[in-house]
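Q: Supplied in structure tokens, the structure appears directly below.
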Amino acid sequence: MFIDAEFDGGNIEVLDASVPGLARLAIRPDRFSHYYQWFCFRLSGARGRECVLRIENASGAGYPAGWSNGYRAVASADREQWRRVATSYDGKALEIRVTPEADCTWIAYFAPYTQEQHDRFLGRVTADPRVVHEAMGRSLDGRPLDLLRIATPGEGKRVAW
């Protein structure tokens, strides 16, 4: 079993994965912050075996109450179709149980919206002459913050986020 998060949107730290089928994990804080909630990682080499993935610092997340009341993490073998997986929270750790159907399975807080998906969206909508694109600045990661202005003749000013 191998776990990594070195991809766009990936975020997890492996504390220990020496026991087959069990991994002790921690969510890394957001960049330049102590806040953390988001996790997304790839689990490899565990097809057909039940895996227990314990996020041990879940109680220190920005919104630990979000782990309660039926929250379930998501998993995907293709990063397009996501399904909910067994997840429990004991007040300290978030425990995810999954039996991967493929050699590579991604596990996440919720289905991620990647930079590649964002770029494809911009490519489609900015081809329309009614759409004006501006870069408003940069994120903490140095990526452009995109603003789209959409002309609606005769409709007056509208705001959408």
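In the structure tokens, each chain is lettered A, B, ... as it comes, each chain's residues begin at 1, and ligands are numbered from 1 in order of appearance.
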If you take only C-alpha atoms and a cut-off of 8 Å, which residues of range 90-132 of chain A touch range 79-86 of chain A, and what are their nearest atom pairs and distances in Å to one decimal, in chain and number order, as a Markdown table?
A:
```
| residue | atom | partner | partner_atom | distance |
| --- | --- | --- | --- | --- |
| A:Ile96 | CA | A:Ala86 | CA | 5.9 |
| A:Arg97 | CA | A:Ala86 | CA | 5.3 |
| A:Val98 | CA | A:Val85 | CA | 6.3 |
| A:Trp106 | CA | A:Arg79 | CA | 7.0 |
| A:Ala111 | CA | A:Trp82 | CA | 6.5 |
```
Q: Taking 5 positions as the minimum chain separation for residues in the same chain, which residues sit within 10 Å of Gly70 in chain A when counting only C-alpha atoms? Answer as a list of chain:residue names.
A: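 Surrounding residues, per the criterion: A:Ala86, A:Thr87, A:Ser88, A:Tyr89.
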Q: Since we have the selection now, will you write its residues out, keeping C-alpha atoms, as a short mmCIF file (atom, residue, chain, number, x, y, z; two decimals), in the first residue's frame?
A:
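Everything below was put into selection_28.cif:
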```cif
data_model
loop_
_atom_site.label_atom_id
_atom_site.label_comp_id
_atom_site.auth_asym_id
_atom_site.auth_seq_id
_atom_site.Cartn_x
_atom_site.Cartn_y
_atom_site.Cartn_z
CA ALA A 86 -17.57 4.41 5.00
CA THR A 87 -16.30 7.16 7.31
CA SER A 88 -16.52 7.63 11.07
CA TYR A 89 -15.32 10.23 13.56
#
```
Q: Measuring between only C-alpha atoms, which one of A:Arg124, A:Arg47, A:Arg72, A:Arg31 shows the shortest distance to Asp141 in chain A?
A: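 Ranking A:Arg124, A:Arg47, A:Arg72, A:Arg31 by distance to Asp141 in chain A, first place goes to A:Arg31.
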Q: Would you mind telling me which residue in A:Arg149, A:His118, A:Arg143, A:Arg49 lies nearest to Val131 in chain A when using only C-alpha atoms?
A: A:Arg149
Q: Once DSSP has gone over the backbone, tell me which residues of chain A are in helix (DSSP H, G or I), as a PyMOL selection string.
A: chain A and resi 58-60+64-67+115-125
Q: From a DSSP pass on the backbone, collect the residues of chain A flagged as strand (DSSP E) and hand them back as a PyMOL selection string.
A: chain A and resi 2-4+13-16+22-26+40-44+51-55+74-76+83-84+86-89+94-98+104-108+131-138+144-150
Q: Find the residues near Asp119 in chain A: any atom within 12 Å, counting only C-alpha atoms, skip ones fewer than 6 places away on the same chain, and give them as a list in words.
A: Tyr113, Val125, Thr126, Arg143, Pro144, Leu145 and Asp146 of chain A
Q: Could you turn the residues from that selection into a file that holds N, CA, C and O atoms, as a PDB file, in the first residue's frame?
A:
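Result went into part.pdb, see below:
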```
ATOM      1  N   TYR A 113     -12.230  19.951  -7.586  1.00  0.00           N
ATOM      2  CA  TYR A 113     -12.344  20.689  -8.840  1.00  0.00           C
ATOM      3  C   TYR A 113     -10.933  21.152  -9.153  1.00  0.00           C
ATOM      4  O   TYR A 113     -10.419  22.074  -8.528  1.00  0.00           O
ATOM      5  N   VAL A 125     -15.689  29.080 -22.006  1.00  0.00           N
ATOM      6  CA  VAL A 125     -16.532  30.272 -21.842  1.00  0.00           C
ATOM      7  C   VAL A 125     -15.912  31.533 -22.430  1.00  0.00           C
ATOM      8  O   VAL A 125     -16.635  32.411 -22.894  1.00  0.00           O
ATOM      9  N   THR A 126     -14.593  31.645 -22.436  1.00  0.00           N
ATOM     10  CA  THR A 126     -13.990  32.877 -22.961  1.00  0.00           C
ATOM     11  C   THR A 126     -13.988  32.920 -24.481  1.00  0.00           C
ATOM     12  O   THR A 126     -13.638  33.945 -25.066  1.00  0.00           O
ATOM     13  N   ARG A 143      -1.317  31.392  -8.340  1.00  0.00           N
ATOM     14  CA  ARG A 143      -2.174  31.160  -9.505  1.00  0.00           C
ATOM     15  C   ARG A 143      -3.074  32.375  -9.743  1.00  0.00           C
ATOM     16  O   ARG A 143      -3.459  33.060  -8.798  1.00  0.00           O
ATOM     17  N   PRO A 144      -3.436  32.631 -11.004  1.00  0.00           N
ATOM     18  CA  PRO A 144      -4.292  33.778 -11.286  1.00  0.00           C
ATOM     19  C   PRO A 144      -5.679  33.634 -10.645  1.00  0.00           C
ATOM     20  O   PRO A 144      -6.226  32.538 -10.573  1.00  0.00           O
ATOM     21  N   LEU A 145      -6.213  34.762 -10.172  1.00  0.00           N
ATOM     22  CA  LEU A 145      -7.603  34.827  -9.718  1.00  0.00           C
ATOM     23  C   LEU A 145      -8.395  35.374 -10.894  1.00  0.00           C
ATOM     24  O   LEU A 145      -8.203  36.521 -11.310  1.00  0.00           O
ATOM     25  N   ASP A 146      -9.263  34.549 -11.447  1.00  0.00           N
ATOM     26  CA  ASP A 146      -9.983  34.899 -12.668  1.00  0.00           C
ATOM     27  C   ASP A 146     -11.318  35.554 -12.374  1.00  0.00           C
ATOM     28  O   ASP A 146     -12.062  35.113 -11.501  1.00  0.00           O
TER      29      ASP A 146
END
```
Q: Return the single residue from A:Ala26, A:Met1, A:Ala73, A:Ile150 that is closest to Glu50 in chain A, with distances computed using only C-alpha atoms.
A: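 Of A:Ala26, A:Met1, A:Ala73, A:Ile150, the one nearest Glu50 in chain A, counting only C-alpha atoms, is A:Met1.
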Q: Which neighbours of Ser33 in chain A fall inside 12 Å, counting only C-alpha atoms, when residues of the same chain fewer than 5 positions from it are skipped, and could you give them as an MDAnalysis selection string?
A: chainID A and resid 28 61:62 140
Q: Next, the residues of the selection above should be written as a PDB file, in the first residue's frame with C-alpha atoms.
A:
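Generated output (out.pdb):
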```pdb
ATOM      1  CA  ARG A  28      -1.394  19.377   6.199  1.00  0.00           C
ATOM      2  CA  ALA A  61      -9.386  20.932  11.703  1.00  0.00           C
ATOM      3  CA  GLY A  62     -11.005  24.276  10.990  1.00  0.00           C
ATOM      4  CA  LEU A 140      -1.354  32.432  -2.192  1.00  0.00           C
TER       5      LEU A 140
END
```
Q: Please identify all polymer residues within 6 Å of Asn11 in chain A, counting only C-alpha atoms, omitting same-chain residues fewer than 3 positions from it, and present them as a PyMOL selection string.
A: chain A and resi 5+39-40
Q: I need the residues from that last selection saved to file as a PDB file, in the first residue's frame (with all heavy atoms), if you can.
A:
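Writing the result to out_5.pdb gives the following:
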```
ATOM      1  N   ALA A   5       0.307  12.412  -2.144  1.00  0.00           N
ATOM      2  CA  ALA A   5      -0.538  13.578  -2.417  1.00  0.00           C
ATOM      3  C   ALA A   5       0.208  14.599  -3.263  1.00  0.00           C
ATOM      4  O   ALA A   5      -0.128  15.778  -3.238  1.00  0.00           O
ATOM      5  CB  ALA A   5      -0.991  14.204  -1.101  1.00  0.00           C
ATOM      6  N   PHE A  39      -8.464  17.415   2.421  1.00  0.00           N
ATOM      7  CA  PHE A  39      -7.532  16.332   2.152  1.00  0.00           C
ATOM      8  C   PHE A  39      -7.892  15.687   0.821  1.00  0.00           C
ATOM      9  O   PHE A  39      -9.053  15.657   0.408  1.00  0.00           O
ATOM     10  CB  PHE A  39      -7.522  15.278   3.268  1.00  0.00           C
ATOM     11  CG  PHE A  39      -8.831  14.556   3.472  1.00  0.00           C
ATOM     12  CD1 PHE A  39      -9.140  13.419   2.745  1.00  0.00           C
ATOM     13  CD2 PHE A  39      -9.749  15.022   4.403  1.00  0.00           C
ATOM     14  CE1 PHE A  39     -10.350  12.752   2.939  1.00  0.00           C
ATOM     15  CE2 PHE A  39     -10.958  14.364   4.610  1.00  0.00           C
ATOM     16  CZ  PHE A  39     -11.260  13.224   3.871  1.00  0.00           C
ATOM     17  N   CYS A  40      -6.886  15.228   0.126  1.00  0.00           N
ATOM     18  CA  CYS A  40      -7.054  14.465  -1.105  1.00  0.00           C
ATOM     19  C   CYS A  40      -5.745  13.719  -1.328  1.00  0.00           C
ATOM     20  O   CYS A  40      -4.672  14.325  -1.264  1.00  0.00           O
ATOM     21  CB  CYS A  40      -7.362  15.400  -2.283  1.00  0.00           C
ATOM     22  SG  CYS A  40      -7.693  14.522  -3.835  1.00  0.00           S
TER      23      CYS A  40
END
```
